[in-house]
>>> print(open('structure_28.json').read())   # JSON, C-alpha atoms and all ligand atoms
[["chain", "number", "residue", "atom", "x", "y", "z"],
["E", 121, "MET", "CA", -9.13, -16.03, -2.87],
["E", 122, "ARG", "CA", -9.13, -14.25, 0.49],
["E", 123, "ILE", "CA", -7.83, -10.69, 0.85],
["E", 124, "GLY", "CA", -7.55, -8.87, 4.18],
["E", 125, "VAL", "CA", -7.42, -5.09, 4.56],
["E", 126, "ILE", "CA", -5.71, -3.98, 7.77],
["E", 127, "GLY", "CA", -8.62, -2.32, 9.54],
["E", 128, "VAL", "CA", -7.22, -0.45, 12.52],
["E", 129, "GLN", "CA", -7.37, 3.08, 11.05],
["E", 130, "GLY", "CA", -7.63, 4.73, 7.63],
["E", 131, "ALA", "CA", -9.33, 4.24, 4.25],
["E", 132, "VAL", "CA", -10.48, 0.63, 4.66],
["E", 133, "SER", "CA", -13.94, 0.42, 3.05],
["E", 134, "GLU", "CA", -12.72, 2.07, -0.17],
["E", 135, "HIS", "CA", -10.12, -0.69, -0.58],
["E", 136, "ILE", "CA", -12.72, -3.36, 0.12],
["E", 137, "GLN", "CA", -14.92, -1.92, -2.65],
["E", 138, "ALA", "CA", -11.98, -1.63, -5.05],
["E", 139, "VAL", "CA", -10.94, -5.25, -4.41],
["E", 140, "GLU", "CA", -14.52, -6.44, -5.00],
["E", 141, "ASN", "CA", -14.62, -4.53, -8.31],
["E", 142, "ALA", "CA", -11.21, -5.86, -9.35],
["E", 143, "MET", "CA", -12.22, -9.46, -8.49],
["E", 144, "LYS", "CA", -15.28, -9.06, -10.71],
["E", 145, "LYS", "CA", -13.16, -7.71, -13.57],
["E", 146, "LEU", "CA", -10.74, -10.63, -13.26],
["E", 147, "GLY", "CA", -13.57, -13.13, -12.87],
["E", 148, "VAL", "CA", -12.15, -14.54, -9.63],
["E", 149, "ASP", "CA", -14.21, -15.78, -6.75],
["E", 150, "GLY", "CA", -13.14, -14.24, -3.51],
["E", 151, "ASP", "CA", -13.65, -12.63, -0.19],
["E", 152, "VAL", "CA", -12.29, -9.34, 1.09],
["E", 153, "PHE", "CA", -12.64, -8.28, 4.70],
["E", 154, "TRP", "CA", -11.54, -5.91, 7.52],
["E", 155, "LEU", "CA", -8.62, -7.52, 9.26],
["E", 156, "LYS", "CA", -8.17, -6.63, 12.91],
["E", 157, "LYS", "CA", -6.90, -9.74, 14.68],
["E", 158, "PRO", "CA", -3.71, -11.73, 14.19],
["E", 159, "GLU", "CA", -5.63, -15.05, 13.77],
["E", 160, "GLN", "CA", -7.22, -13.62, 10.61],
["E", 161, "LEU", "CA", -3.78, -13.37, 9.01],
["E", 162, "GLU", "CA", -3.49, -17.14, 8.79],
["E", 163, "SER", "CA", -6.17, -17.65, 6.14],
["E", 164, "ILE", "CA", -5.38, -14.93, 3.60],
["E", 165, "ASP", "CA", -3.83, -14.92, 0.13],
["E", 166, "GLY", "CA", -3.07, -11.21, 0.12],
["E", 167, "LEU", "CA", -2.99, -8.21, 2.45],
["E", 168, "ILE", "CA", -3.60, -4.48, 1.94],
["E", 169, "ILE", "CA", -2.29, -1.78, 4.28],
["E", 170, "PRO", "CA", -4.42, 1.33, 3.63],
["E", 171, "GLY", "CA", -3.73, 5.03, 3.77],
["E", 172, "GLY", "CA", -4.39, 6.96, 6.95],
["E", 173, "GLU", "CA", -1.85, 8.05, 9.52],
["E", 174, "SER", "CA", 1.24, 5.86, 9.48],
["E", 175, "THR", "CA", 2.13, 6.64, 13.09],
["E", 176, "THR", "CA", -1.33, 5.51, 14.27],
["E", 177, "ILE", "CA", -1.54, 2.45, 12.02],
["E", 178, "SER", "CA", 1.92, 1.32, 13.14],
["E", 179, "ARG", "CA", 1.09, 1.79, 16.84],
["E", 180, "LEU", "CA", -2.26, -0.02, 16.56],
["E", 181, "MET", "CA", -0.76, -2.89, 14.57],
["E", 182, "VAL", "CA", 1.77, -3.42, 17.34],
["E", 183, "LYS", "CA", -0.91, -3.15, 20.02],
["E", 184, "ASN", "CA", -3.27, -5.59, 18.24],
["E", 185, "GLY", "CA", -0.48, -8.16, 17.75],
["E", 186, "LEU", "CA", -0.48, -7.81, 13.96],
["E", 187, "PHE", "CA", 2.87, -6.14, 13.39],
["E", 188, "ASP", "CA", 5.42, -8.95, 13.83],
["E", 189, "ARG", "CA", 3.33, -11.57, 12.05],
["E", 190, "VAL", "CA", 2.72, -9.28, 9.05],
["E", 191, "ARG", "CA", 6.45, -8.75, 8.77],
["E", 192, "GLU", "CA", 7.11, -12.52, 8.91],
["E", 193, "LEU", "CA", 4.43, -13.24, 6.30],
["E", 194, "GLY", "CA", 5.77, -10.51, 4.03],
["E", 195, "GLU", "CA", 9.29, -11.93, 4.34],
["E", 196, "SER", "CA", 7.99, -15.36, 3.38],
["E", 197, "GLY", "CA", 6.24, -14.12, 0.22],
["E", 198, "LEU", "CA", 2.67, -13.13, 1.13],
["E", 199, "PRO", "CA", 1.49, -10.52, -1.42],
["E", 200, "ILE", "CA", 1.15, -7.18, 0.41],
["E", 201, "MET", "CA", 0.10, -3.81, -1.05],
["E", 202, "GLY", "CA", 0.53, -0.61, 0.97],
["E", 203, "THR", "CA", -0.92, 2.72, -0.14],
["E", 204, "CYS", "CA", 0.31, 6.08, 1.13],
["E", 205, "ALA", "CA", 0.65, 5.54, 4.91],
["E", 206, "GLY", "CA", 0.88, 1.83, 3.95],
["E", 207, "LEU", "CA", 3.92, 2.59, 1.78],
["E", 208, "ILE", "CA", 5.54, 4.39, 4.72],
["E", 209, "LEU", "CA", 4.95, 1.33, 6.91],
["E", 210, "LEU", "CA", 6.55, -0.97, 4.33],
["E", 211, "ALA", "CA", 9.66, 1.20, 3.80],
["E", 212, "LYS", "CA", 13.13, 0.41, 5.16],
["E", 213, "GLU", "CA", 14.05, 4.09, 5.56],
["E", 214, "VAL", "CA", 11.72, 6.95, 6.52],
["E", 215, "ASP", "CA", 12.41, 10.67, 6.76],
["E", 216, "GLY", "CA", 10.12, 12.39, 9.24],
["E", 217, "ALA", "CA", 9.34, 9.33, 11.35],
["E", 218, "VAL", "CA", 8.24, 10.03, 14.91],
["E", 219, "PRO", "CA", 10.50, 8.66, 17.67],
["E", 220, "GLY", "CA", 9.70, 5.04, 18.41],
["E", 221, "GLN", "CA", 7.62, 4.55, 15.23],
["E", 222, "ARG", "CA", 8.11, 1.02, 13.85],
["E", 223, "PHE", "CA", 8.26, 0.00, 10.19],
["E", 224, "LEU", "CA", 7.82, -3.37, 8.51],
["E", 225, "GLU", "CA", 10.97, -2.80, 6.40],
["E", 226, "LEU", "CA", 9.86, -4.98, 3.50],
["E", 227, "LEU", "CA", 10.69, -2.50, 0.69],
["E", 228, "ASP", "CA", 14.16, -1.22, -0.21],
["E", 229, "VAL", "CA", 13.09, 2.42, -0.43],
["E", 230, "ARG", "CA", 13.58, 5.64, 1.43],
["E", 231, "VAL", "CA", 10.41, 7.73, 1.73],
["E", 232, "SER", "CA", 9.90, 11.21, 3.05],
["E", 233, "ARG", "CA", 6.64, 11.77, 4.93],
["E", 234, "ASN", "CA", 4.46, 14.70, 3.82],
["E", 235, "ALA", "CA", 7.19, 15.79, 1.41],
["E", 236, "TYR", "CA", 5.07, 17.31, -1.33],
["E", 237, "GLY", "CA", 4.79, 20.57, 0.62],
["E", 238, "ARG", "CA", 1.82, 22.42, 1.94],
["E", 239, "GLN", "CA", 0.44, 24.19, -1.14],
["E", 240, "VAL", "CA", 0.25, 20.96, -3.11],
["E", 241, "ASP", "CA", -0.14, 18.51, -0.29],
["E", 242, "SER", "CA", -3.11, 16.95, -2.05],
["E", 243, "PHE", "CA", -3.35, 16.70, -5.83],
["E", 244, "GLU", "CA", -4.44, 14.55, -8.76],
["E", 245, "ALA", "CA", -2.27, 13.71, -11.75],
["E", 246, "PRO", "CA", -2.13, 11.12, -14.52],
["E", 247, "LEU", "CA", 0.50, 8.46, -13.89],
["E", 248, "ARG", "CA", 2.38, 6.03, -16.09],
["E", 249, "LEU", "CA", 2.26, 2.39, -15.00],
["E", 250, "ALA", "CA", 4.87, -0.27, -15.79],
["E", 251, "PHE", "CA", 2.14, -2.87, -16.37],
["E", 252, "ASP", "CA", -0.47, -0.99, -18.41],
["E", 253, "ASP", "CA", -0.47, 1.37, -21.40],
["E", 254, "GLU", "CA", -3.30, 3.61, -20.20],
["E", 255, "PRO", "CA", -2.57, 6.54, -17.87],
["E", 256, "PHE", "CA", -3.76, 5.90, -14.32],
["E", 257, "PRO", "CA", -5.51, 8.64, -12.30],
["E", 258, "GLY", "CA", -3.21, 9.28, -9.34],
["E", 259, "VAL", "CA", -4.73, 10.75, -6.18],
["E", 260, "PHE", "CA", -2.15, 12.04, -3.68],
["E", 261, "ILE", "CA", -3.21, 13.05, -0.17],
["E", 262, "ARG", "CA", -0.43, 14.31, 2.10],
["E", 263, "ALA", "CA", 1.57, 11.70, 0.27],
["E", 264, "PRO", "CA", 5.05, 10.44, 1.05],
["E", 265, "ARG", "CA", 7.68, 11.01, -1.60],
["E", 266, "ILE", "CA", 9.91, 8.15, -2.73],
["E", 267, "VAL", "CA", 13.37, 9.70, -2.43],
["E", 268, "LYS", "CA", 15.55, 6.62, -2.96],
["E", 269, "ILE", "CA", 15.12, 3.14, -4.42],
["E", 270, "PHE", "CA", 17.88, 0.63, -3.70],
["E", 271, "GLY", "CA", 18.48, -3.11, -3.31],
["E", 272, "ASP", "CA", 15.78, -5.26, -4.88],
["E", 273, "ALA", "CA", 12.97, -2.70, -5.22],
["E", 274, "ARG", "CA", 12.00, -1.42, -8.67],
["E", 275, "PRO", "CA", 9.70, 1.40, -9.74],
["E", 276, "ILE", "CA", 6.30, 0.48, -11.23],
["E", 277, "ALA", "CA", 4.57, 3.89, -11.54],
["E", 278, "TRP", "CA", 5.73, 7.40, -12.41],
["E", 279, "HIS", "CA", 4.48, 10.95, -12.11],
["E", 280, "GLY", "CA", 6.54, 12.62, -14.84],
["E", 281, "ASP", "CA", 10.06, 11.31, -14.18],
["E", 282, "GLU", "CA", 9.48, 10.61, -10.54],
["E", 283, "ALA", "CA", 8.76, 7.11, -9.22],
["E", 284, "VAL", "CA", 5.57, 7.02, -7.13],
["E", 285, "ALA", "CA", 5.26, 3.24, -6.62],
["E", 286, "VAL", "CA", 7.65, 0.33, -6.16],
["E", 287, "GLU", "CA", 7.56, -3.42, -6.16],
["E", 288, "GLN", "CA", 9.87, -5.92, -4.49],
["E", 289, "GLY", "CA", 8.94, -9.55, -5.01],
["E", 290, "SER", "CA", 5.34, -9.85, -3.90],
["E", 291, "VAL", "CA", 5.25, -6.53, -2.02],
["E", 292, "ILE", "CA", 3.98, -3.29, -3.60],
["E", 293, "GLY", "CA", 4.04, 0.23, -2.14],
["E", 294, "LEU", "CA", 2.24, 3.22, -3.67],
["E", 295, "ALA", "CA", 2.46, 6.89, -2.71],
["E", 296, "PHE", "CA", -1.03, 7.44, -4.16],
["E", 297, "HIS", "CA", -4.56, 6.11, -3.54],
["E", 298, "PRO", "CA", -5.87, 3.74, -6.26],
["E", 299, "GLU", "CA", -8.86, 2.90, -4.03],
["E", 300, "LEU", "CA", -10.21, 6.45, -4.51],
["E", 301, "THR", "CA", -10.68, 6.08, -8.27],
["E", 302, "GLU", "CA", -12.94, 3.92, -10.42],
["E", 303, "ASP", "CA", -9.93, 2.49, -12.25],
["E", 304, "THR", "CA", -9.19, -0.99, -10.86],
["E", 305, "MET", "CA", -5.98, -1.63, -12.83],
["E", 306, "VAL", "CA", -3.65, -1.39, -9.81],
["E", 307, "HIS", "CA", -5.85, -3.63, -7.64],
["E", 308, "GLU", "CA", -6.08, -6.14, -10.50],
["E", 309, "TYR", "CA", -2.28, -6.17, -10.79],
["E", 310, "PHE", "CA", -2.02, -6.84, -7.06],
["E", 311, "LEU", "CA", -4.68, -9.57, -7.08],
["E", 312, "ARG", "CA", -2.86, -11.43, -9.86],
["E", 313, "LYS", "CA", 0.02, -11.86, -7.41],
["E", 314, "ALA", "CA", -2.37, -13.49, -4.93],
["E", 315, "LEU", "CA", -3.94, -15.96, -7.42],
["Y", 401, "LIG", "N1", 0.75, 11.78, 5.82],
["Y", 401, "LIG", "C1", 0.31, 10.49, 6.25],
["Y", 401, "LIG", "C2", 1.38, 9.78, 7.08],
["Y", 401, "LIG", "O1", 2.47, 10.21, 7.16],
["Y", 401, "LIG", "C3", -0.07, 9.60, 5.06],
["Y", 401, "LIG", "C4", -1.26, 10.20, 4.35],
["Y", 401, "LIG", "C5", -2.17, 9.19, 3.73],
["Y", 401, "LIG", "O2", -2.08, 7.99, 3.94],
["Y", 401, "LIG", "N2", -3.12, 9.69, 2.99],
["Y", 401, "LIG", "O3", 1.11, 8.78, 7.67]]
>>> encode(input="structure_28.json", output="structure tokens")
Amino acid sequence: MRIGVIGVQGAVSEHIQAVENAMKKLGVDGDVFWLKKPEQLESIDGLIIPGGESTTISRLMVKNGLFDRVRELGESGLPIMGTCAGLILLAKEVDGAVPGQRFLELLDVRVSRNAYGRQVDSFEAPLRLAFDDEPFPGVFIRAPRIVKIFGDARPIAWHGDEAVAVEQGSVIGLAFHPELTEDTMVHEYFLRKAL
């Protein structure tokens, strides 16, 4: 199995480590690497878009020739997981976008950038997952808020009553950062889609 992590800006090495740990847990043989060039997209079974700054990641993906091909591959069923800024990039509707910012529009959600407010703009909280009984440690860093889920997207993680992750076919978007915890459950769930 080959997994690429978009490596133009943001928390890339943490995802690489988390994918390696999750592969070990699942007992799958695989490779995970920094993905910077469009040619590298042709040989992967799954793609991660990390957290960072969604405006910068979007701009650099366009500049490096990744943007349009990622969208095509996502539309044709490539498993993609976006965390935090990655969720913003995958969303169809974004509050607080900067003029000209482009989105992949692969998830039927509306997100609001930096919507958790200043005093709590970073926090940790236990989350409920749709695919596991144990609480998952959620790390939120200037996270986007999921304000609407429509069409074919469905929630797969909750903080209290509020959805903080969605799935639509083979695409997953999370407001939090599973790569910053030791718990590999979310990465394992994603990798099973790429098997
Ligand atoms: N606030 C950032 C953005 O809007 C996302 C933060 C993150 O990825 N940790 O792009």
>>> residues_near_ligand(input="structure_28.json", ligand="ligand LIG 401 (chain Y)", cutoff="8 Å", atoms="all atoms listed in the file", output="list in words")
Gly130, Pro170, Gly171, Gly172, Glu173, Ser174, Thr175, Thr176, Thr203, Cys204, Ala205, Gly206, Ile208, Arg233, Asn234, Phe260, Ile261, Arg262, Ala263, Pro264, Phe296 and His297 of chain E
>>> closest_residue(input="structure_28.json", among="E:Asp281, E:Asp272, E:Asp215, E:Asp303", to="Glu254 in chain E", atoms="only C-alpha atoms")
E:Asp303
>>> atom_distance(input="structure_28.json", atom1="CA of Leu186 in chain E", atom2="CA of Pro158 in chain E")
5.1 Å
>>> residues_near_point(input="structure_28.json", point="(-2.5, 2.2, -6.8)", cutoff="12 Å", atoms="only C-alpha atoms", output="PyMOL selection string")
chain E and resi 135+138-139+168-171+201-204+206-207+246-251+255-260+276-278+284-287+292-311
>>> atom_distance(input="structure_28.json", atom1="CA of Ile269 in chain E", atom2="CA of Ala211 in chain E")
10.1 Å
>>> residues_near_point(input="structure_28.json", point="(8.3, -5.7, 2.2)", cutoff="8 Å", atoms="all atoms listed in the file", output="number ranges by chain")
E: 191, 194-195, 200, 210-211, 224-228, 288, 290-292
>>> closest_atom_pairs(input="structure_28.json", of="range 130-175 of chain E", to="range 121-124 of chain E", cutoff="9 Å", atoms="all atoms listed in the file", output="CSV")
residue,atom,partner,partner_atom,distance
E:Ile136,CA,E:Gly124,CA,8.6
E:Val139,CA,E:Ile123,CA,8.2
E:Val148,CA,E:Met121,CA,7.6
E:Asp149,CA,E:Met121,CA,6.4
E:Gly150,CA,E:Met121,CA,4.4
E:Asp151,CA,E:Arg122,CA,4.8
E:Val152,CA,E:Ile123,CA,4.7
E:Phe153,CA,E:Gly124,CA,5.2
E:Trp154,CA,E:Gly124,CA,6.0
E:Leu155,CA,E:Gly124,CA,5.4
E:Gln160,CA,E:Gly124,CA,8.0
E:Leu161,CA,E:Gly124,CA,7.6
E:Ser163,CA,E:Arg122,CA,7.2
E:Ile164,CA,E:Arg122,CA,4.9
E:Asp165,CA,E:Arg122,CA,5.4
E:Gly166,CA,E:Ile123,CA,4.8
E:Leu167,CA,E:Gly124,CA,4.9
E:Ile168,CA,E:Gly124,CA,6.3
E:Ile169,CA,E:Gly124,CA,8.8
>>> write_last_selection(input="structure_28.json", atoms="C-alpha atoms", output="PDB file, keeping the file's coordinate frame")
ATOM      1  CA  ILE E 136     -12.720  -3.360   0.120  1.00  0.00           C
ATOM      2  CA  VAL E 139     -10.940  -5.250  -4.410  1.00  0.00           C
ATOM      3  CA  VAL E 148     -12.150 -14.540  -9.630  1.00  0.00           C
ATOM      4  CA  ASP E 149     -14.210 -15.780  -6.750  1.00  0.00           C
ATOM      5  CA  GLY E 150     -13.140 -14.240  -3.510  1.00  0.00           C
ATOM      6  CA  ASP E 151     -13.650 -12.630  -0.190  1.00  0.00           C
ATOM      7  CA  VAL E 152     -12.290  -9.340   1.090  1.00  0.00           C
ATOM      8  CA  PHE E 153     -12.640  -8.280   4.700  1.00  0.00           C
ATOM      9  CA  TRP E 154     -11.540  -5.910   7.520  1.00  0.00           C
ATOM     10  CA  LEU E 155      -8.620  -7.520   9.260  1.00  0.00           C
ATOM     11  CA  GLN E 160      -7.220 -13.620  10.610  1.00  0.00           C
ATOM     12  CA  LEU E 161      -3.780 -13.370   9.010  1.00  0.00           C
ATOM     13  CA  SER E 163      -6.170 -17.650   6.140  1.00  0.00           C
ATOM     14  CA  ILE E 164      -5.380 -14.930   3.600  1.00  0.00           C
ATOM     15  CA  ASP E 165      -3.830 -14.920   0.130  1.00  0.00           C
ATOM     16  CA  GLY E 166      -3.070 -11.210   0.120  1.00  0.00           C
ATOM     17  CA  LEU E 167      -2.990  -8.210   2.450  1.00  0.00           C
ATOM     18  CA  ILE E 168      -3.600  -4.480   1.940  1.00  0.00           C
ATOM     19  CA  ILE E 169      -2.290  -1.780   4.280  1.00  0.00           C
TER      20      ILE E 169
END
>>> closest_residue(input="structure_28.json", among="E:Val214, E:Ile126, E:Val231, E:Ala142", to="Phe187 in chain E", atoms="all atoms listed in the file")
E:Ile126
>>> closest_residue(input="structure_28.json", among="E:Ala283, E:Ala131, E:Val125, E:Met143", to="Lys156 in chain E", atoms="only C-alpha atoms")
E:Val125
>>> atom_distance(input="structure_28.json", atom1="CA of Lys183 in chain E", atom2="CA of Gly197 in chain E")
23.7 Å
